[in-house]
Protein chains: 2
Amino acid sequence: MPAKLHPPRISRARITGGFWADRQRTNREVTIPCVLDKCDETNRTRSLRLEWKPGADWEPHHFYDSDLAKAIEAAAYALELEPDPELEARLDGYIELFARAQQPDGYLNSYYAQKGFADRWTNLRDMHELYCAGHLFEAAVAHFRATGKRTLLDVAEKYADHIDATFGDGKIPGYPGHEEIELALVKLAEATNEERYLDLARFFIDERGREPHYFRLESERRGEVFDRHRHDANDYPSAYAYYQAHLPVREQADAEGHSVRACYLYAGMVDVAARTGDERLMEACRRLFASIAGRRMYISGGIGSQTHGERFSYDYDLPGESAYAETCAAISLVFFASRLANAELDSHYADVAERALYNGALGGISLSGDRFFYANPLTFHPTAPHLPHVRSDAERQPWYGCACCPPNIARLLASLGAYLYGVSGDDGDSAGGGPTVAVHLYAQSSLELDVAGTAVTVRQETNYPWDGRVVFTIDAQAPVELTLALRIPAWATGWTVTGPDGAPLVADAAPAPGGGLIIKRGYVYVRRTWTPGQTLCLDLPMEIRRTHAHEAVRDAGWQVALERGPLLYCAEGVDNGEALADLALPGEAALTAEHRDDLLGGCAVIRGSAVRRAAPTAGSGAPADRRGTPTAPLYASRPGRREVPFTAVPFALRNNRGVCEMRVWLAEV
Amino acid sequence: MPAKLHPPRISRARITGGFWADRQRTNREVTIPCVLDKCDETNRTRSLRLEWKPGADWEPHHFYDSDLAKAIEAAAYALELEPDPELEARLDGYIELFARAQQPDGYLNSYYAQKGFADRWTNLRDMHELYCAGHLFEAAVAHFRATGKRTLLDVAEKYADHIDATFGDGKIPGYPGHEEIELALVKLAEATNEERYLDLARFFIDERGREPHYFRLESERRGEVFDRHRHDANDYPSAYAYYQAHLPVREQADAEGHSVRACYLYAGMVDVAARTGDERLMEACRRLFASIAGRRMYISGGIGSQTHGERFSYDYDLPGESAYAETCAAISLVFFASRLANAELDSHYADVAERALYNGALGGISLSGDRFFYANPLTFHPTAPHLPHVRSDAERQPWYGCACCPPNIARLLASLGAYLYGVSGDDGDSAGGGPTVAVHLYAQSSLELDVAGTAVTVRQETNYPWDGRVVFTIDAQAPVELTLALRIPAWATGWTVTGPDGAPLVADAAPAPGGGLIIKRGYVYVRRTWTPGQTLCLDLPMEIRRTHAHEAVRDAGWQVALERGPLLYCAEGVDNGEALADLALPGEAALTAEHRDDLLGGCAVIRGSAVRRAAPTAGSGAPADRRGTPTAPLYASRPGRREVPFTAVPFALRNNRGVCEMRVWLAEV
């Protein structure tokens, strides 16, 4: 089995129906135009036009360029899936602005173009120039692949050449305070077949955290008294941990600091390690992944639990109400985990990618496609947004001053097909035994391959995530040799794989029936010569699961979360009344899933019986509320309980029916 | 029954043994010298000597004077209980510094004396001049009562006269940003028989929150663009709520803002309302008390749940780990509730005073008497002090930069006798039927009274709070007519009162047996002519109570707190292992109290059986810790449970055995 797979081109891995098709359509029709409009309305585009002058009533921001670049990238993916001359022309307009803003030496940053080039490259720690460059490169590659036009790619290459001439051994030994350019340079290297860009990515990764510390040298050059407490009031483990620059990356044991930066870096590290065979670097990636998935991740796949610094906290410190769990952070974890899934073919990675995708990331956008959450706490109370240490909005917002999340979710949704599969070789060429197609995620879709000159389509028919049956059909003109590697999610108890003849090939109760099948690291490998139209059926039982947290997660002690398939569920006030902390699920309570076509765009809800504590009898000393009405005492014995109906909805679909309380972790009694 | 009682003089209400005698001895021998030493060591005394010069390596602080004044007040109470020539001489030294620092016009503030008088009285909102004055007045009254010397009282009167000449109708219409002078002026009025000081207290209370708003006018005069978000990032309900100045006090419905300021103000309001018969003002006090006790108070009696602003939060927003619950705030609630107890004779008030005293306040000081907590969260994890939104220390500290709490707990402990009783008239003179002695709190103690010329001593013999039997003996030379009003705590189920002949007089199962007894608003009134040496026995069953919070307290949902008598209990890691969120008390679990002479200075512990969730079997995809050791998965099904032994200790005695986890609210299953 090949150790290294890669994602398919977006145009070759299409969502063809079901859950994600609806979301992709909304993304194309609503979200992408909305995000571009917002860039126009909120000075992003204006800044790229270099319209700012001293004294103006607006200010350019040092990462405005990245918002527009991410929006272009999202639009390019949509174009790759479906031509849209109007959208293409709109992108041409933005691209012209980028080209015009580019300096003769290749440098391109609207902030410094307006504020003065003298200070460019003087504050890599804070000023996001390399971050903006990275997003530009990703946009350029996407646009080139979608349209074949080199307009933005040329700009990107010229800028990358400038950066390559500026940074490196014997040049400036710096690296970005906000990572992202590393993975972007790998994409650019692949799109242009230019190894220098991969080398530059490796340089940025290798240089990070080395002594003498670049951020310190740089800040001394700026004449700053470096405030080591910046972004890090706790001084743990060092101020540079915020930037993942406290140690050389190969020595880092825990995922630390700003979580989006962290996973962008780690994703780039996987890219470089996989392409260079750097096993020590890959080992660091595995270790950092284990730190996240084993000790620092919400059950939603959200990461970065600390509002202060949008950062990772201590192991198991995963507070519900004050969770930050930025939408971008869940997306960055999808990036990181998906790359590891392709590099390692261990289902543990795609399990996490799926968790983050379906819950932490998807919950960041409304069903309507034009409202966004930045923070995604697991417990919400309507007063919480007013609490100083809580960063949650009562409702998804149309835009943010720091607007990283909206275009980020747009580009993830538009490119989702590429995350479903991992393929070996270039679209399937392999050394022998046929190419391997790993199916990391299940969704109604089709993957086009070219196997030894034969066009092959692997089709998935499924109503996943509502139903766990997935039927694969191999369409080709002639028999084709191919290994399908199907991920068995860790949550799937009682799964089966059924062959073309309807006979079970393998099931988790009977794990080794032979027939050319291998089960390894959570993937079932079905290796055979497929006759045209042959099918394979995977059944993943969609049981409701009661999931508990590790004993050290003090915010989830003796509580339970409900999951079904890849979806995390939550209780909302609109279904269950207020005071959700007072609602408990008895351990023995029967829970049933019920599909509701009329609810939240069609979804399975979980129903059952819960209990609430009996109210105490208000005694003579009972307090009154501010209108003088007697209220229940604040502290009293309430040993009784009463049964109440219970409904849970997918966490990702919360807050689409107005503002109300919400809880993921429910008391279990 | 008289509606208005007042506290006895400290020298006439003495703790004579048991729980509080130990604490008072430590307070006298360790805490008071320690606090005075710290004032000397940390520039408080130096500032009062006016030693600061521009360019010095230290800065005076605008409330340094108050720390020293509170320490003097505490020492004076100790002197009143027990002469100590050395301590008295030490106080004379500080008092001489205060006298020397006083200006010819009476003004006295070391900060402005050193920083320049030009700015005095220009920023009442922030600069604590009136607050420092109030603490000076309290110290002066205490010192005068203890020693009979007028040295500090003269300074106080001269300063009060200056303030009276400066503020009021037709003068400056201002009032303090940090309240405290109101209750101090009432004390000063009583000590000096000067009605003007009571009038001034009333002026400060009445003027508060009126429009045009003094704080706004004042800040405009300073040329400030008033940052209305200062102290109040949430803008709820207005920036002035932080100072309880958002509305005139009679219109305030909820306890808002900085909780210490709030209860100091409310205590002064009770004092003024009780002395002036201002029923609207008293009604506001009752309403604000109900807001606290009914919706905004921790089960520890701690208040001010928001770290940001040390302030009250929304109703029922009482987070455990991020609780602020400053020691001073619990003390201020003792002040407020005790005054209401005397004004209203409703046990609801003394219940809260007792809760705050035994738990929120007492927990602020170590058993050794020289370490102090500022914040008193109900849940502690060793990593929490490193979290930006949590304000807790891993261990009690010897001192704080903002050192309000240490001298505050010292003065409370030294004057505790005055909080046990409420007496009618001057030490017992009353219109007829004999004086009333209300016993608000139970403790081994003696109260001296003068009843119609006869010296009477009311003695309490008890091992409270470890045991609920309290024996009262009336010692006098001749039969004496006296009404004892004994508070029946709301928690006391099955209490009895037994007469001198050993026959039950009344019990809660048989509430009206006659015999001259009345039970009203939580007090049992025993009105009779007592022959010398007659006794009365109150039995308060010390059952272990399982207490639950109101359904809206989302941080205590389906959790239970253990209480016994007035004491709140907690589980500590040293007894129960770590991961206390994973520890649950089955609803039916038997719990027993066991007195341990060897533990924590002698205390009753609660023992029983708890359960922990079974660990899941780590699957193949189990993550590894940072050293590569496999760890339990972060999320898994853990339906089993295992029994573990359980021990709880009094919350106030926590953290006297090293740093470890601690929880008050425990899962109940």
# chains A, B, ... in the order shown; residues from 1 in each chain; ligands from 1
>>> closest_atom_pairs(of="chain A", to="chain B", cutoff="6 Å", atoms="only C-alpha atoms", output="Markdown table")
| residue | atom | partner | partner_atom | distance |
| --- | --- | --- | --- | --- |
| A:Asn234 | CA | B:His386 | CA | 5.6 |
| A:Ala253 | CA | B:Arg626 | CA | 5.6 |
| A:Ala290 | CA | B:Pro623 | CA | 5.4 |
| A:Gly294 | CA | B:Pro623 | CA | 5.1 |
| A:His348 | CA | B:Gly621 | CA | 5.8 |
| A:His386 | CA | B:Asn234 | CA | 5.5 |
| A:His389 | CA | B:His389 | CA | 5.8 |
| A:Thr547 | CA | B:Ser637 | CA | 4.7 |
| A:His548 | CA | B:Ser637 | CA | 5.3 |
| A:Ala549 | CA | B:Tyr635 | CA | 4.6 |
| A:His550 | CA | B:Leu634 | CA | 4.8 |
| A:Glu551 | CA | B:Asp582 | CA | 5.2 |
| A:Ala552 | CA | B:Ala579 | CA | 5.0 |
| A:Arg554 | CA | B:Ala581 | CA | 5.0 |
| A:Gly557 | CA | B:Ala581 | CA | 4.6 |
| A:Ala579 | CA | B:Ala552 | CA | 5.0 |
| A:Ala581 | CA | B:Gly557 | CA | 4.6 |
| A:Asp582 | CA | B:Gly557 | CA | 5.1 |
| A:Gly621 | CA | B:His348 | CA | 5.8 |
| A:Pro623 | CA | B:Gly294 | CA | 5.2 |
| A:Arg626 | CA | B:Ala253 | CA | 5.7 |
| A:Leu634 | CA | B:His550 | CA | 4.8 |
| A:Tyr635 | CA | B:Ala549 | CA | 4.6 |
| A:Ala636 | CA | B:Thr547 | CA | 5.3 |
| A:Ser637 | CA | B:Thr547 | CA | 4.7 |
| A:Arg638 | CA | B:His548 | CA | 6.0 |
| A:Val669 | CA | B:Val669 | CA | 4.5 |
>>> residues_around(residues="B:Ala589", least_positions_apart="6", cutoff="9 Å", atoms="only C-alpha atoms", output="PyMOL selection string")
chain B and resi 608-610
>>> write_last_selection(atoms="N, CA and C atoms", output="mmCIF file, in the first residue's frame")
data_model
loop_
_atom_site.group_PDB
_atom_site.id
_atom_site.type_symbol
_atom_site.label_atom_id
_atom_site.label_comp_id
_atom_site.auth_asym_id
_atom_site.auth_seq_id
_atom_site.Cartn_x
_atom_site.Cartn_y
_atom_site.Cartn_z
ATOM 1 N N GLY B 608 -17.700 9.345 53.061
ATOM 2 C CA GLY B 608 -18.700 8.504 52.423
ATOM 3 C C GLY B 608 -18.106 7.832 51.206
ATOM 4 N N SER B 609 -18.971 7.350 50.395
ATOM 5 C CA SER B 609 -18.574 6.659 49.185
ATOM 6 C C SER B 609 -18.987 7.504 47.990
ATOM 7 N N ALA B 610 -18.058 7.711 47.086
ATOM 8 C CA ALA B 610 -18.374 8.420 45.843
ATOM 9 C C ALA B 610 -18.122 7.466 44.686
#
>>> atom_distance(atom1="atom CA of B:Tyr374", atom2="atom CA of B:Trp399")
9.4 Å
>>> residues_around(residues="B:Gly417", least_positions_apart="2", cutoff="12 Å", atoms="only C-alpha atoms", output="JSON, numbers by chain")
{"B": [7, 8, 9, 10, 11, 12, 13, 14, 15, 16, 17, 20, 21, 24, 77, 78, 80, 81, 411, 412, 413, 414, 415, 419, 420, 421, 422, 439, 440, 441, 442, 443, 444, 445, 446, 447, 448, 460]}
>>> write_last_selection(atoms="N, CA, C and O atoms", output="short mmCIF file (atom, residue, chain, number, x, y, z; two decimals), in the first residue's frame")
data_model
loop_
_atom_site.label_atom_id
_atom_site.label_comp_id
_atom_site.auth_asym_id
_atom_site.auth_seq_id
_atom_site.Cartn_x
_atom_site.Cartn_y
_atom_site.Cartn_z
N PRO B 7 -25.63 46.40 67.74
CA PRO B 7 -24.59 45.48 68.19
C PRO B 7 -24.04 45.93 69.55
O PRO B 7 -23.99 47.12 69.83
N PRO B 8 -23.63 44.99 70.36
CA PRO B 8 -23.02 45.35 71.63
C PRO B 8 -21.60 45.89 71.43
O PRO B 8 -20.99 45.67 70.38
N ARG B 9 -21.12 46.59 72.43
CA ARG B 9 -19.70 46.96 72.44
C ARG B 9 -18.85 45.69 72.41
O ARG B 9 -19.22 44.67 73.01
N ILE B 10 -17.72 45.81 71.78
CA ILE B 10 -16.85 44.63 71.63
C ILE B 10 -16.40 44.09 72.98
O ILE B 10 -16.37 42.87 73.21
N SER B 11 -16.10 44.98 73.88
CA SER B 11 -15.59 44.54 75.19
C SER B 11 -16.68 43.85 76.00
O SER B 11 -16.39 43.16 76.98
N ARG B 12 -17.93 44.00 75.62
CA ARG B 12 -19.02 43.41 76.37
C ARG B 12 -19.52 42.12 75.72
O ARG B 12 -20.38 41.45 76.29
N ALA B 13 -19.03 41.79 74.55
CA ALA B 13 -19.46 40.55 73.88
C ALA B 13 -18.20 39.78 73.51
O ALA B 13 -17.63 39.98 72.44
N ARG B 14 -17.78 38.95 74.42
CA ARG B 14 -16.48 38.30 74.27
C ARG B 14 -16.63 36.85 73.86
O ARG B 14 -17.44 36.12 74.40
N ILE B 15 -15.79 36.46 72.90
CA ILE B 15 -15.66 35.06 72.55
C ILE B 15 -14.86 34.42 73.69
O ILE B 15 -13.78 34.91 74.03
N THR B 16 -15.38 33.35 74.27
CA THR B 16 -14.72 32.80 75.46
C THR B 16 -14.12 31.42 75.24
O THR B 16 -13.55 30.83 76.16
N GLY B 17 -14.25 30.89 74.04
CA GLY B 17 -13.64 29.57 73.81
C GLY B 17 -14.09 29.03 72.47
O GLY B 17 -14.87 29.66 71.74
N TRP B 20 -14.03 30.08 67.43
CA TRP B 20 -13.64 31.46 67.14
C TRP B 20 -12.56 31.97 68.08
O TRP B 20 -11.80 32.87 67.72
N ALA B 21 -12.51 31.42 69.29
CA ALA B 21 -11.44 31.85 70.21
C ALA B 21 -10.08 31.51 69.62
O ALA B 21 -9.13 32.30 69.70
N GLN B 24 -9.47 34.05 66.95
CA GLN B 24 -9.16 35.38 67.50
C GLN B 24 -7.75 35.42 68.08
O GLN B 24 -7.05 36.43 67.97
N TYR B 77 -9.49 46.88 68.17
CA TYR B 77 -10.45 45.89 68.67
C TYR B 77 -9.75 44.88 69.56
O TYR B 77 -10.26 44.49 70.61
N ALA B 78 -8.56 44.46 69.13
CA ALA B 78 -7.80 43.50 69.95
C ALA B 78 -7.45 44.12 71.30
O ALA B 78 -7.54 43.46 72.34
N GLU B 80 -9.16 46.42 72.80
CA GLU B 80 -10.37 46.54 73.60
C GLU B 80 -10.67 45.23 74.34
O GLU B 80 -11.17 45.23 75.46
N LEU B 81 -10.31 44.12 73.69
CA LEU B 81 -10.54 42.82 74.31
C LEU B 81 -9.46 42.47 75.33
O LEU B 81 -9.72 41.78 76.30
N ARG B 411 -9.81 42.85 61.07
CA ARG B 411 -10.73 43.66 61.89
C ARG B 411 -12.05 42.93 62.11
O ARG B 411 -12.68 43.06 63.16
N LEU B 412 -12.44 42.10 61.14
CA LEU B 412 -13.67 41.33 61.35
C LEU B 412 -13.49 40.32 62.48
O LEU B 412 -14.34 40.22 63.38
N LEU B 413 -12.38 39.59 62.44
CA LEU B 413 -12.15 38.57 63.47
C LEU B 413 -12.03 39.22 64.86
O LEU B 413 -12.56 38.70 65.84
N ALA B 414 -11.34 40.35 64.92
CA ALA B 414 -11.13 40.98 66.22
C ALA B 414 -12.42 41.51 66.82
O ALA B 414 -12.58 41.58 68.03
N SER B 415 -13.37 41.86 65.96
CA SER B 415 -14.61 42.48 66.45
C SER B 415 -15.78 41.51 66.40
O SER B 415 -16.94 41.92 66.48
N TYR B 419 -20.90 40.84 66.36
CA TYR B 419 -21.81 40.32 65.33
C TYR B 419 -22.68 39.20 65.85
O TYR B 419 -23.61 38.77 65.19
N LEU B 420 -22.36 38.68 67.06
CA LEU B 420 -23.13 37.56 67.59
C LEU B 420 -24.50 38.01 68.08
O LEU B 420 -25.49 37.29 67.95
N TYR B 421 -24.53 39.19 68.65
CA TYR B 421 -25.74 39.62 69.37
C TYR B 421 -26.29 40.92 68.81
O TYR B 421 -25.56 41.74 68.27
N GLY B 422 -27.57 41.09 69.03
CA GLY B 422 -28.21 42.39 68.85
C GLY B 422 -28.93 42.69 70.14
O GLY B 422 -29.64 41.82 70.66
N VAL B 439 -29.86 36.61 69.60
CA VAL B 439 -28.63 35.86 69.35
C VAL B 439 -28.65 35.48 67.87
O VAL B 439 -29.37 34.59 67.44
N HIS B 440 -27.86 36.23 67.11
CA HIS B 440 -27.83 36.01 65.66
C HIS B 440 -26.94 34.83 65.30
O HIS B 440 -27.24 34.06 64.40
N LEU B 441 -25.83 34.74 66.01
CA LEU B 441 -24.84 33.71 65.70
C LEU B 441 -24.47 32.98 66.98
O LEU B 441 -24.44 33.59 68.06
N TYR B 442 -24.19 31.70 66.83
CA TYR B 442 -23.87 30.91 68.00
C TYR B 442 -22.36 30.69 68.10
O TYR B 442 -21.70 30.34 67.10
N ALA B 443 -21.84 30.94 69.30
CA ALA B 443 -20.41 30.76 69.55
C ALA B 443 -20.21 30.84 71.05
O ALA B 443 -20.94 31.57 71.74
N GLN B 444 -19.24 30.11 71.54
CA GLN B 444 -18.98 30.17 72.97
C GLN B 444 -18.56 31.60 73.32
O GLN B 444 -17.57 32.12 72.82
N SER B 445 -19.37 32.23 74.18
CA SER B 445 -19.17 33.67 74.38
C SER B 445 -19.94 34.13 75.60
O SER B 445 -20.74 33.39 76.16
N SER B 446 -19.68 35.37 75.99
CA SER B 446 -20.47 35.96 77.05
C SER B 446 -20.80 37.40 76.68
O SER B 446 -19.98 38.11 76.12
N LEU B 447 -22.03 37.76 76.98
CA LEU B 447 -22.50 39.11 76.69
C LEU B 447 -22.84 39.77 78.02
O LEU B 447 -23.62 39.22 78.80
N GLU B 448 -22.27 40.94 78.24
CA GLU B 448 -22.60 41.68 79.47
C GLU B 448 -23.63 42.74 79.17
O GLU B 448 -23.54 43.45 78.17
N GLN B 460 -23.04 31.82 76.48
CA GLN B 460 -23.30 30.72 75.53
C GLN B 460 -22.20 29.70 75.73
O GLN B 460 -21.03 30.04 75.62
#
>>> atom_distance(atom1="atom CA of A:Cys132", atom2="atom CA of A:Arg250")
25.2 Å
>>> closest_residue(among="A:Arg469, A:Gly360, A:Leu91, A:Arg528", to="A:Lys149", atoms="only C-alpha atoms")
A:Leu91
